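Below is one structure, written out as structure tokens; the observations come after it.
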Amino acid sequence: MSAGALDPNDPRQYDELADTWWEPRGPLAMLAWIARARAALVPPTEQPGAVLVDLACGGGLLAPHLQGKGYRHLGLDLTFSALERAAAHEVVVAQADVGSLPLPDGCADVVCAGEILEHVEDLPGTVAEACRVLRPGGVVVLDTIAATLRARLIVIELAERLPGVAPKGIHDPRLLVDRDLLVRSFAEHGVTLRLSGLRPSVPHLARWLLGGPGPVPMRVVRSTGILFQAVGQKRR
């Protein structure tokens, strides 16, 4: 069965894509570009034994950008084939659902949620789990897709037709993220989020689509109406 034959948001699509996680021109290439931008929001630590929990870590694309920041990188994902790729990049891995994390309260110094919140059925429940495992004073870093018509048109209708930008059928438009609900859900658990928009550099993307070099740098923008990232600290 091909990824395109599965229902939108079916996690089995990632098994079909397992060999492409680290391909610089593969169907998951943009996830690597976003991972670099996500890592830039992760503060370095000098605390011995500091833990970064990477929710839905996929093939471990965050790993090379965390080198030198001082964390033990724990990656959780539902898809075993993705975890195998992550483990090959020195990520400590465990199979888990982001809505029910097999981790103790307050165990994480940083929680990253990269390109996962637009795939979950229960956004407040997933946020609650992320905040539960985050220690007081810990940092959450995320990126996801806004629940707007613009996002649906660009990310689903357009991007899923461009090679390397998004695989066909990977998103379910029902699950795109309501930004107000996201901010409220984190606030209920003592985390105040700061949102900023994110997009690929247009000239670099155009060159890449025409066969030019990558990776494509991501640019921070004011509008959060399509792709956005957020960072927040849990109240002590």
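Letters A, B, ... mark the chains of the structure tokens in the order given; residue numbers begin at 1 per chain; ligand numbers begin at 1, in order shown.
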
Practice item. Identify, on the basis of only C-alpha atoms, every residue whose closest approach to Ala56 (chain A) does not exceed 10 Å; exclude the query and any residue fewer than 6 positions from it along the same chain; express the result as a PyMOL selection string. Key: chain A and resi 75-79+82-83+95-98+112-117

Saved selection, atoms kept: C-alpha atoms, as a PDB file, in the first residue's frame:
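Dumped everything to out-v6.pdb:
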```pdb
ATOM      1  CA  GLY A  75      12.916  10.833  21.250  1.00  0.00           C
ATOM      2  CA  LEU A  76       9.380   9.455  21.410  1.00  0.00           C
ATOM      3  CA  ASP A  77       7.335   8.364  18.412  1.00  0.00           C
ATOM      4  CA  LEU A  78       4.557   5.943  17.473  1.00  0.00           C
ATOM      5  CA  THR A  79       6.363   4.701  14.377  1.00  0.00           C
ATOM      6  CA  ALA A  82      11.214   6.189  12.372  1.00  0.00           C
ATOM      7  CA  LEU A  83      12.666   5.377  15.785  1.00  0.00           C
ATOM      8  CA  GLN A  95       7.793   4.050  21.259  1.00  0.00           C
ATOM      9  CA  ALA A  96       4.979   6.143  22.714  1.00  0.00           C
ATOM     10  CA  ASP A  97       1.835   8.131  21.969  1.00  0.00           C
ATOM     11  CA  VAL A  98       2.253  11.859  22.626  1.00  0.00           C
ATOM     12  CA  CYS A 112      10.060  19.912  21.816  1.00  0.00           C
ATOM     13  CA  ALA A 113       6.890  19.318  19.815  1.00  0.00           C
ATOM     14  CA  GLY A 114       7.879  19.679  16.190  1.00  0.00           C
ATOM     15  CA  GLU A 115       5.265  19.267  13.451  1.00  0.00           C
ATOM     16  CA  ILE A 116       3.071  17.012  15.601  1.00  0.00           C
ATOM     17  CA  LEU A 117       0.271  19.131  17.064  1.00  0.00           C
TER      18      LEU A 117
END
```

Exercise for review: Using DSSP on the backbone coordinates, identify all residues within region 62-112 of chain A classified as strand (DSSP E); present the result as a ChimeraX atom specification.
Suggested key: /A:72-77,92-95,108-112

Listing only residues of region 192-231 of chain A within 9 Å of region 31-35 of chain A, what is the closest atom pair and its distance in Å (to one decimal) for each, using only C-alpha atoms, sorted by chain and residue number ascending, as CSV?
```
residue,atom,partner,partner_atom,distance
A:Leu198,CA,A:Ile34,CA,8.6
A:Arg199,CA,A:Ile34,CA,8.9
A:Pro200,CA,A:Trp33,CA,8.2
A:Gly214,CA,A:Trp33,CA,9.0
A:Pro215,CA,A:Trp33,CA,6.3
A:Val216,CA,A:Trp33,CA,6.2
A:Pro217,CA,A:Trp33,CA,6.4
A:Met218,CA,A:Trp33,CA,6.6
```

Exercise for review: Please provide as a list in words all residues within 6 Å of Val191 (chain A), with the sequence filter that same-chain residues fewer than 5 positions apart are discarded (counting only C-alpha atoms).
Suggested key: Phe186, Gly232, Gln233 and Lys234 of chain A

How about saving the chosen residues, N, CA and C atoms kept, as a compact mmCIF listing (two decimals), in the first residue's frame?
```txt
# COMPACT_ATOMS: atom_id res chain seq x y z
N PHE A 186 -1.89 25.86 26.95
CA PHE A 186 -0.60 25.95 27.64
C PHE A 186 -0.71 26.84 28.88
N GLY A 232 7.98 28.83 25.19
CA GLY A 232 7.44 29.27 26.48
C GLY A 232 8.17 28.59 27.62
N GLN A 233 8.07 29.19 28.79
CA GLN A 233 8.72 28.64 29.98
C GLN A 233 7.66 28.33 31.02
N LYS A 234 7.77 27.17 31.65
CA LYS A 234 6.81 26.77 32.66
C LYS A 234 7.05 27.53 33.96
```

Study note, to complete from the structure: Thr224 (chain A) proximity check over A:Gln67, A:Gln13, A:Ser196, A:Gln47, using only C-alpha atoms: winner is A:Ser196

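One distance worth recording is that between CA of Gly125 (chain A) and CA of Val220 (chain A), which is 28.0 Å.
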
Exercise for review: List every residue of region 54-222 of chain A that DSSP, applied to the backbone of this structure, assigns to helix (DSSP H, G or I), and report them as an NGL selection string.
Suggested key: :A and (63-66 or 80-87 or 117-119 or 123-133 or 149-161 or 173-175 or 179-187 or 202-209)

Would you save the residues from that selection as a tab-separated table (two decimals), in the first residue's frame, using C-alpha atoms?
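Okay, this is what ended up in again.tsv:
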```tsv
chain	number	residue	atom	x	y	z
A	63	ALA	CA	19.68	15.59	16.67
A	64	PRO	CA	22.52	17.23	14.69
A	65	HIS	CA	21.31	20.70	15.64
A	66	LEU	CA	21.39	19.92	19.37
A	80	PHE	CA	9.00	2.09	15.03
A	81	SER	CA	10.64	2.49	11.61
A	82	ALA	CA	11.21	6.19	12.37
A	83	LEU	CA	12.67	5.38	15.79
A	84	GLU	CA	15.20	3.06	14.16
A	85	ARG	CA	16.45	5.99	12.08
A	86	ALA	CA	16.53	8.29	15.11
A	87	ALA	CA	18.51	5.77	17.17
A	117	LEU	CA	0.27	19.13	17.06
A	118	GLU	CA	-1.43	19.35	13.65
A	119	HIS	CA	-1.71	15.55	13.73
A	123	LEU	CA	-4.88	19.08	21.36
A	124	PRO	CA	-5.58	20.09	25.00
A	125	GLY	CA	-4.78	16.57	26.19
A	126	THR	CA	-1.50	16.49	24.29
A	127	VAL	CA	-0.56	19.91	25.67
A	128	ALA	CA	-1.38	18.70	29.19
A	129	GLU	CA	0.99	15.74	28.78
A	130	ALA	CA	3.78	17.93	27.43
A	131	CYS	CA	3.42	20.28	30.39
A	132	ARG	CA	3.17	17.44	32.89
A	133	VAL	CA	6.59	16.07	31.99
A	149	LEU	CA	-7.91	28.97	5.16
A	150	ARG	CA	-4.53	30.31	4.03
A	151	ALA	CA	-2.73	27.45	5.74
A	152	ARG	CA	-5.07	24.88	4.24
A	153	LEU	CA	-4.58	26.29	0.74
A	154	ILE	CA	-0.80	26.65	0.99
A	155	VAL	CA	0.21	23.69	3.16
A	156	ILE	CA	-2.27	21.12	1.87
A	157	GLU	CA	-3.57	22.18	-1.52
A	158	LEU	CA	-0.24	23.59	-2.79
A	159	ALA	CA	2.66	22.18	-0.75
A	160	GLU	CA	1.48	18.57	-0.96
A	161	ARG	CA	1.83	18.89	-4.73
A	173	PRO	CA	-7.31	19.71	7.58
A	174	ARG	CA	-9.60	19.01	10.56
A	175	LEU	CA	-6.58	18.91	12.85
A	179	ARG	CA	-3.83	29.24	17.90
A	180	ASP	CA	-6.11	30.67	20.59
A	181	LEU	CA	-6.89	27.19	21.90
A	182	LEU	CA	-3.20	26.33	21.88
A	183	VAL	CA	-2.23	29.42	23.87
A	184	ARG	CA	-5.07	28.88	26.36
A	185	SER	CA	-4.22	25.21	26.81
A	186	PHE	CA	-0.60	25.95	27.64
A	187	ALA	CA	-1.60	28.83	29.94
A	202	VAL	CA	11.33	32.16	-1.13
A	203	PRO	CA	14.42	32.62	-3.35
A	204	HIS	CA	16.16	29.59	-1.82
A	205	LEU	CA	13.00	27.48	-2.11
A	206	ALA	CA	12.53	28.42	-5.75
A	207	ARG	CA	16.14	27.46	-6.52
A	208	TRP	CA	15.78	24.21	-4.59
A	209	LEU	CA	12.60	23.26	-6.47
```

Exercise for review: Tell me, in Å to one decimal, how far CA of Asp143 (chain A) is from CA of Gly212 (chain A).
Suggested key: 26.0 Å
